[in-house]
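Below: data.cif (mmCIF, C-alpha atoms)
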data_query
loop_
_atom_site.label_atom_id
_atom_site.label_comp_id
_atom_site.auth_asym_id
_atom_site.auth_seq_id
_atom_site.Cartn_x
_atom_site.Cartn_y
_atom_site.Cartn_z
CA MET A 882 88.72 96.34 114.98
CA ALA A 883 91.69 94.17 114.08
CA ASP A 884 92.54 91.08 116.09
CA LEU A 885 96.10 91.10 114.74
CA ILE A 886 98.32 93.29 112.57
CA ALA A 887 100.45 91.59 109.92
CA ARG A 888 102.57 92.73 107.01
CA ILE A 889 102.81 91.67 103.38
CA ALA A 890 106.12 89.81 103.22
CA GLY A 891 105.73 88.56 99.64
CA LEU A 892 103.67 89.37 96.56
CA TRP A 893 103.32 87.30 93.40
CA ARG A 894 101.17 87.14 90.32
CA TYR A 895 100.89 84.38 87.76
CA PRO A 896 100.33 85.83 84.29
CA VAL A 897 99.95 82.36 82.77
CA LYS A 898 97.89 79.89 84.74
CA SER A 899 100.09 76.86 85.59
CA CYS A 900 103.39 78.47 84.56
CA ALA A 901 105.93 79.99 86.94
CA GLY A 902 104.91 83.36 88.35
CA GLU A 903 106.69 86.62 89.04
CA ALA A 904 107.62 88.18 92.37
CA ILE A 905 106.42 91.80 92.41
CA GLU A 906 106.41 94.82 94.74
CA THR A 907 102.87 96.01 93.97
CA LEU A 908 99.71 94.13 93.03
CA THR A 909 96.77 96.10 91.66
CA LEU A 910 93.21 94.92 92.21
CA GLY A 911 90.54 95.87 89.70
CA ALA A 912 87.06 97.14 90.47
CA ASP A 913 85.86 93.54 90.80
CA GLY A 914 88.45 92.78 93.49
CA TRP A 915 90.54 90.48 91.26
CA PRO A 916 94.28 91.06 90.71
CA GLU A 917 95.23 92.61 87.38
CA GLY A 918 97.71 90.70 85.23
CA ASP A 919 97.06 87.47 87.12
CA ARG A 920 96.09 84.27 85.26
CA GLY A 921 94.96 86.16 82.21
CA TRP A 922 96.57 83.54 79.95
CA GLY A 923 96.33 79.76 79.92
CA ILE A 924 97.73 76.65 78.25
CA ALA A 925 95.59 74.56 75.91
CA ASP A 926 96.45 71.01 74.90
CA ALA A 927 96.19 69.49 71.43
CA GLY A 928 92.49 68.83 71.98
CA GLY A 929 91.75 72.45 72.85
CA GLU A 930 91.27 71.75 76.56
CA LEU A 931 92.82 74.08 79.15
CA THR A 932 95.49 72.05 80.90
CA TRP A 933 97.70 72.55 83.95
CA MET A 934 101.08 71.95 85.53
CA GLY A 935 99.91 68.73 87.16
CA ALA A 936 99.54 67.18 83.70
CA HIS A 937 102.66 68.87 82.30
CA PRO A 938 105.16 69.40 85.15
CA ARG A 939 107.74 71.07 82.91
CA LEU A 940 105.47 74.11 82.65
CA ALA A 941 107.09 74.99 85.99
CA LEU A 942 110.20 75.94 84.00
CA VAL A 943 108.34 78.55 81.95
CA SER A 944 108.58 81.94 83.65
CA ALA A 945 105.91 84.48 82.71
CA ARG A 946 106.03 88.24 83.21
CA SER A 947 103.25 90.71 82.49
CA MET A 948 104.11 93.60 80.17
CA PRO A 949 102.10 96.69 79.24
CA ALA A 950 101.40 95.35 75.74
CA GLY A 951 101.36 91.63 76.44
CA LEU A 952 103.50 88.97 78.00
CA ALA A 953 107.13 87.84 78.24
CA LEU A 954 108.02 84.16 78.52
CA GLU A 955 111.47 82.92 79.50
CA VAL A 956 112.94 79.43 79.60
CA ASP A 957 116.66 78.77 80.20
CA GLY A 958 117.58 82.30 79.15
CA ARG A 959 115.45 82.23 75.99
CA LEU A 960 113.06 85.19 76.00
CA LEU A 961 109.90 85.48 73.92
CA GLU A 962 107.61 88.50 73.96
CA VAL A 963 103.99 87.96 72.99
CA GLY A 964 101.75 90.89 72.12
CA ALA A 965 98.22 90.84 73.51
CA ASP A 966 96.85 91.89 70.11
CA SER A 967 98.92 89.52 67.98
CA SER A 968 96.64 86.53 68.40
CA SER A 969 93.71 84.86 66.64
CA ALA A 970 90.33 84.04 68.16
CA VAL A 971 89.79 80.43 69.23
CA THR A 972 87.45 78.47 71.48
CA VAL A 973 88.95 76.39 74.29
CA ARG A 974 87.29 74.04 76.75
CA ALA A 975 87.48 73.97 80.55
CA TRP A 976 86.06 71.30 82.83
CA ASN A 977 83.09 72.40 84.94
CA GLY A 978 82.96 70.19 88.02
CA GLU A 979 79.48 71.33 88.99
CA ARG A 980 77.98 70.45 85.59
CA GLN A 981 80.35 67.51 85.03
CA ASP A 982 80.93 68.74 81.51
CA PHE A 983 83.15 71.07 79.54
CA ASP A 984 82.45 74.78 79.16
CA PRO A 985 83.37 76.43 75.84
CA LEU A 986 85.41 79.59 76.46
CA ALA A 987 86.50 82.44 74.21
CA ALA A 988 90.28 82.91 73.93
CA TRP A 989 92.98 84.07 71.54
CA ASP A 990 95.83 81.85 70.37
CA ALA A 991 99.25 83.47 70.95
CA GLY A 992 100.86 82.02 67.83
CA ASP A 993 103.35 79.45 66.65
CA ASP A 994 106.46 80.94 68.30
CA ALA A 995 104.90 80.53 71.74
CA ALA A 996 103.76 77.01 70.84
CA ALA A 997 107.30 76.15 69.71
CA LEU A 998 108.73 77.34 73.02
CA LEU A 999 106.22 75.22 74.93
CA ARG A 1000 106.96 72.21 72.71
CA ALA A 1001 110.72 72.60 73.23
CA THR A 1002 110.22 72.80 77.00
CA THR A 1003 107.58 70.13 77.60
CA GLY A 1004 107.79 67.89 74.53
CA GLU A 1005 104.03 68.32 74.13
CA ARG A 1006 101.83 70.07 71.57
CA LEU A 1007 100.59 72.90 73.75
CA ARG A 1008 99.30 76.35 72.83
CA LEU A 1009 99.49 79.59 74.80
CA VAL A 1010 96.11 81.35 74.80
CA ARG A 1011 94.94 84.70 76.14
CA LEU A 1012 91.71 84.18 78.05
CA SER A 1013 88.59 86.30 77.72
CA SER A 1014 87.31 88.10 80.83
CA GLU A 1015 84.52 85.53 81.12
CA ALA A 1016 87.03 82.71 81.01
CA GLN A 1017 89.19 84.35 83.66
CA ARG A 1018 86.24 84.80 86.04
CA ARG A 1019 84.37 81.57 85.38
CA PRO A 1020 82.74 79.76 88.34
CA GLY A 1021 85.11 77.71 90.44
CA LEU A 1022 88.06 80.10 90.13
CA ASN A 1023 89.29 82.33 92.95
CA ALA A 1024 90.73 85.83 93.08
CA LEU A 1025 93.51 85.87 95.69
CA HIS A 1026 95.50 83.17 97.46
CA ILE A 1027 96.82 84.05 100.94
CA VAL A 1028 99.27 82.09 103.12
CA GLY A 1029 100.97 83.01 106.40
CA ASP A 1030 104.71 82.55 106.90
CA GLY A 1031 104.05 80.52 110.05
CA SER A 1032 102.24 77.95 107.93
CA MET A 1033 105.15 77.86 105.51
CA GLN A 1034 107.51 77.23 108.42
CA ALA A 1035 105.26 74.48 109.79
CA TRP A 1036 105.36 72.83 106.37
CA ALA A 1037 109.16 73.09 106.20
CA ASP A 1038 109.42 71.56 109.67
CA GLU A 1039 107.10 68.68 108.73
CA LEU A 1040 109.05 67.67 105.64
CA THR A 1041 111.00 64.44 105.92
CA GLN A 1042 113.65 65.88 103.59
CA PRO A 1043 114.51 69.51 102.78
CA LEU A 1044 112.84 70.81 99.63
CA THR A 1045 113.52 74.06 97.80
CA GLY A 1046 111.14 76.68 96.46
CA LEU A 1047 108.28 76.18 98.91
CA PRO A 1048 106.50 79.50 98.12
CA GLN A 1049 106.74 78.78 94.39
CA ARG A 1050 105.18 75.37 94.96
CA VAL A 1051 102.06 76.66 96.73
CA ARG A 1052 101.73 79.78 94.52
CA PRO A 1053 100.30 82.42 96.88
CA ASN A 1054 99.49 85.96 95.81
CA LEU A 1055 100.16 87.23 99.34
CA LEU A 1056 102.55 85.89 101.96
CA LEU A 1057 101.87 87.45 105.37
CA SER A 1058 104.29 87.82 108.28
CA ALA A 1059 104.05 89.35 111.76
CA GLU A 1060 104.09 93.14 111.98
CA ASP A 1061 107.40 93.21 113.83
CA GLY A 1062 109.10 91.08 111.18
CA GLY A 1063 108.62 87.88 113.15
CA THR A 1064 106.63 84.82 112.17
CA LEU A 1065 102.86 84.54 112.40
CA PRO A 1066 101.29 81.61 114.27
CA ALA A 1067 101.02 78.58 112.03
CA PHE A 1068 97.77 78.32 110.07
CA ILE A 1069 96.36 81.57 111.39
CA GLU A 1070 94.85 82.09 107.92
CA ASP A 1071 92.56 79.14 108.66
CA ILE A 1072 90.61 81.41 111.02
CA LEU A 1073 91.00 84.60 108.98
CA THR A 1074 87.70 86.16 107.91
CA GLU A 1075 88.92 89.52 106.58
CA ALA A 1076 92.18 91.33 105.85
CA ARG A 1077 92.16 95.12 105.53
CA ILE A 1078 94.61 97.64 104.13
CA GLY A 1079 93.19 101.12 104.56
CA ASP A 1080 89.76 101.18 102.90
CA LEU A 1081 90.46 98.01 100.93
CA SER A 1082 89.26 94.75 102.41
CA MET A 1083 89.90 91.18 101.33
CA THR A 1084 87.24 88.73 102.44
CA ARG A 1085 87.90 85.02 102.83
CA THR A 1086 85.96 82.88 100.37
CA THR A 1087 87.16 79.28 100.80
CA PRO A 1088 90.10 77.14 101.93
CA CYS A 1089 92.69 76.32 99.28
CA VAL A 1090 92.47 72.60 98.52
CA ARG A 1091 95.85 71.27 97.46
CA CYS A 1092 96.57 69.04 94.47
CA ILE A 1093 99.84 67.54 93.25
CA MET A 1094 101.33 70.88 92.14
CA PRO A 1095 103.26 71.46 95.41
CA THR A 1096 105.22 68.32 94.64
CA ILE A 1097 106.77 69.85 91.51
CA ASP A 1098 110.26 71.21 92.06
CA PRO A 1099 110.22 74.71 90.50
CA SER A 1100 113.85 74.50 89.40
CA THR A 1101 113.84 70.98 87.90
CA ALA A 1102 110.12 70.25 87.31
CA ILE A 1103 110.63 66.84 88.95
CA PRO A 1104 107.70 65.75 91.16
CA GLN A 1105 108.67 65.11 94.79
CA PRO A 1106 105.82 63.28 96.61
CA PRO A 1107 107.01 64.11 100.18
CA ALA A 1108 105.86 67.70 99.62
CA LEU A 1109 102.21 66.67 99.40
CA GLU A 1110 102.56 63.90 101.96
CA SER A 1111 103.63 66.43 104.59
CA LEU A 1112 100.82 68.83 103.65
CA THR A 1113 98.39 65.92 103.98
CA ARG A 1114 99.56 65.16 107.52
CA LEU A 1115 99.32 68.80 108.57
CA SER A 1116 95.86 69.15 107.07
CA ALA A 1117 94.58 65.97 108.73
CA GLU A 1118 95.54 67.39 112.12
CA ARG A 1119 93.50 70.55 111.51
CA ALA A 1120 90.60 69.23 109.42
CA PRO A 1121 90.26 65.45 109.80
CA GLY A 1122 88.44 63.85 106.90
CA ALA A 1123 88.50 67.00 104.76
CA PRO A 1124 90.46 67.45 101.52
CA VAL A 1125 94.07 68.58 101.95
CA GLN A 1126 94.05 72.30 102.78
CA PHE A 1127 96.86 74.84 102.87
CA GLY A 1128 96.21 78.58 102.61
CA ILE A 1129 92.94 80.32 101.83
CA TYR A 1130 91.29 82.15 98.96
CA ALA A 1131 89.93 85.67 99.29
CA ARG A 1132 88.44 88.42 97.15
CA GLY A 1133 89.01 92.15 97.31
CA SER A 1134 86.19 94.60 97.99
CA GLY A 1135 87.10 96.69 94.96
CA ALA A 1136 89.94 98.53 93.30
CA GLY A 1137 93.15 99.11 95.23
CA VAL A 1138 96.89 98.54 95.37
CA LEU A 1139 98.73 96.06 97.59
CA ARG A 1140 102.37 96.84 98.31
CA LEU A 1141 105.20 94.79 99.71
CA GLY A 1142 105.54 95.76 103.39
CA ASP A 1143 101.96 97.05 103.76
CA ARG A 1144 100.40 96.69 107.22
CA VAL A 1145 97.40 94.35 107.11
CA ALA A 1146 94.69 94.31 109.78
CA LEU A 1147 93.45 90.75 110.26
CA THR A 1148 90.03 89.84 111.63
CA LEU A 1149 90.01 86.32 113.05
CA ASP A 1150 87.21 83.92 113.95
CA PHE A 1151 88.47 82.24 117.08
CA ASP A 1152 85.43 79.94 117.18
CA ASP A 1153 87.07 78.08 114.29
CA ALA A 1154 90.40 77.76 116.08
#

Final structure tokens representation of the file:
Amino acid sequence: MADLIARIAGLWRYPVKSCAGEAIETLTLGADGWPEGDRGWGIADAGGELTWMGAHPRLALVSARSMPAGLALEVDGRLLEVGADSSSAVTVRAWNGERQDFDPLAAWDAGDDAAALLRATTGERLRLVRLSSEAQRRPGLNALHIVGDGSMQAWADELTQPLTGLPQRVRPNLLLSAEDGGTLPAFIEDILTEARIGDLSMTRTTPCVRCIMPTIDPSTAIPQPPALESLTRLSAERAPGAPVQFGIYARGSGAGVLRLGDRVALTLDFDDA
């Protein structure tokens, strides 16, 4: 039985990990409960290590859109289409915090045109790579990121100066609102254990620990420290001594489709409130 009914007020996927995402109206989950077309590509640095927007803030200016046969990248009106099959096999490295070492991962380099676009945007020698299934599902990664609109409003209210693009900064897959179109209580996702849409359930896995990425202005790529400072204050009020938390991660129970406007039945653990 649901403790609260919400609605999906926003849906996003991020075809390239650490590049700008795309707002969508439907998000399909595969049989493993992970979203299709989400973070299937990555950015490797000159040493072959998977890198991120925190190290290269101007990746925020690279918009990525999933296509049936590959990927479309856009920067300042320049569009580049990359075919999923037009790439060569490479090995990249990703840091494994548990082992305190790098994991070798199978991937496919997307070619020199994509590298040239990344170089023109960031000034760095970066390569776009399509990740193998094993690389996409490696330990330490999470399937779905969920945030409530009440939490977003609490963040906006806590800021010492107005900042733009708050949803783009925290990069949720799902933004939830109240069923009647109003605003959910702030940080209700902190006590969320399960979200259900019909027969599909999404089970909470872990809080989302925040890094410096929310500081990066999505329109200018300029870091703005007050964004993280305000999240730090809000997190300290809810979880003193813990890492900075905002939003939660979840995983779907299996295949299904999430649609903008869908009713979502939330199960809450009030003992954690």

Practice prompt. Counting all atoms listed in the file, figure out which residue out of A:Pro1020, A:Asp1030, A:Arg939, A:Leu1047 gets nearest to Gly1062 of chain A.
Written response: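 Counting all atoms listed in the file, the residue closest to Gly1062 of chain A is A:Asp1030.
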
Worksheet entry | the PyMOL selection byres ((chain A and resi 1078-1092) around 6) resolved against shown file, as number ranges by chain | A: 1074-1077, 1093-1094, 1125-1134, 1145

Discussion item. Evaluate the PyMOL selection byres ((chain A and resi 903-913) around 12) against this structure - the residues, as a PyMOL selection string, please.
Written reply: chain A and resi 889-898+900-902+914-920+943-948+952-955+1014+1018+1023-1025+1048-1049+1052-1056+1081-1083+1132-1143

Worksheet item: Got a sec to resolve the PyMOL selection byres ((chain A and resi 1008) around 12) on this structure and send the residues as number ranges by chain?
Response: A: 897, 922-933, 940, 968-969, 971, 973, 988-1000, 1003, 1005-1007, 1009-1011

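Nearest-residue note for Asp1061 of chain A: choosing from A:Arg974, A:Arg888, A:Ser1111, A:Gly1021, the minimum distance belongs to A:Arg888, counting all atoms listed in the file.
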
Discussion item. Using Å and a single decimal, report how far atom CA of His1026 of chain A sits from atom CA of Trp976 of chain A.
Written reply: 21.1 Å

Fill in: Separation of atom CA of Phe983 of chain A from atom CA of Ala1123 of chain A, in Å and rounded to one decimal
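Interatomic distance here is 26.1 Å.
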
Worksheet item: Of the candidates A:Val956, A:Leu1022, A:Leu1115, A:Ile1097, which one gets nearest to Leu1040 of chain A if we count all atoms listed in the file?
Response: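 Looking at the shortest contact to Leu1040 of chain A, the residue is A:Leu1115.
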
Discussion item. Between atom CA of Ile1103 of chain A and atom CA of Thr1002 of chain A, what is the distance in Å, rounded to a tenth?
Written reply: 13.4 Å

Worksheet entry | Selected residue, from A:Leu1057, A:Val963, A:Ala987, A:Ala1016, that lies nearest to Ala950 of chain A when counting all atoms listed in the file |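 With all atoms listed in the file as the atom set, the closest residue is A:Val963.
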
Worksheet item: When distances are computed from all atoms listed in the file, which of A:Gly1029, A:Gly1046, A:Gly1122, A:Pro1104 shows the smallest separation from Glu1070 of chain A?
Response: A:Gly1029

If the box runs along x, y and z of the file and leaves 3 Å on each side of segment 1108-1112 of chain A, what are its centre and edge lengths in Å, one decimal, as JSON?
{"center_x": 103.3, "center_y": 66.4, "center_z": 102.0, "size_x": 11.0, "size_y": 10.9, "size_z": 11.2}

Since the input has fewer atoms than a full residue there, write segment 1108-1124 of chain A out with N, CA and C atoms, as a tab-separated table (two decimals), keeping the file's coordinate frame.
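After the write, result01.tsv holds the following:
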chain	number	residue	atom	x	y	z
A	1108	ALA	N	106.44	66.36	99.43
A	1108	ALA	CA	105.86	67.70	99.62
A	1108	ALA	C	104.37	67.61	99.93
A	1109	LEU	N	103.64	66.81	99.17
A	1109	LEU	CA	102.21	66.67	99.40
A	1109	LEU	C	101.92	65.76	100.59
A	1110	GLU	N	102.76	64.78	100.81
A	1110	GLU	CA	102.56	63.90	101.96
A	1110	GLU	C	102.60	64.69	103.27
A	1111	SER	N	103.53	65.62	103.37
A	1111	SER	CA	103.63	66.43	104.59
A	1111	SER	C	102.46	67.38	104.71
A	1112	LEU	N	102.01	67.97	103.60
A	1112	LEU	CA	100.82	68.83	103.65
A	1112	LEU	C	99.59	68.02	104.06
A	1113	THR	N	99.52	66.79	103.62
A	1113	THR	CA	98.39	65.92	103.98
A	1113	THR	C	98.36	65.66	105.47
A	1114	ARG	N	99.51	65.40	106.07
A	1114	ARG	CA	99.56	65.16	107.52
A	1114	ARG	C	99.15	66.42	108.28
A	1115	LEU	N	99.66	67.56	107.88
A	1115	LEU	CA	99.32	68.80	108.57
A	1115	LEU	C	97.83	69.12	108.44
A	1116	SER	N	97.28	68.87	107.28
A	1116	SER	CA	95.86	69.15	107.07
A	1116	SER	C	94.99	68.21	107.89
A	1117	ALA	N	95.37	66.94	107.97
A	1117	ALA	CA	94.58	65.97	108.73
A	1117	ALA	C	94.52	66.32	110.21
A	1118	GLU	N	95.55	66.96	110.72
A	1118	GLU	CA	95.54	67.39	112.12
A	1118	GLU	C	94.54	68.51	112.36
A	1119	ARG	N	94.36	69.38	111.35
A	1119	ARG	CA	93.50	70.55	111.51
A	1119	ARG	C	92.08	70.30	111.04
A	1120	ALA	N	91.92	69.47	110.01
A	1120	ALA	CA	90.60	69.23	109.42
A	1120	ALA	C	90.49	67.76	109.06
A	1121	PRO	N	90.32	66.89	110.08
A	1121	PRO	CA	90.26	65.45	109.80
A	1121	PRO	C	89.12	65.12	108.83
A	1122	GLY	N	89.45	64.30	107.85
A	1122	GLY	CA	88.44	63.85	106.90
A	1122	GLY	C	88.18	64.80	105.75
A	1123	ALA	N	88.71	66.01	105.82
A	1123	ALA	CA	88.50	67.00	104.76
A	1123	ALA	C	89.60	66.87	103.71
A	1124	PRO	N	89.38	67.43	102.51
A	1124	PRO	CA	90.46	67.45	101.52
A	1124	PRO	C	91.68	68.21	102.06
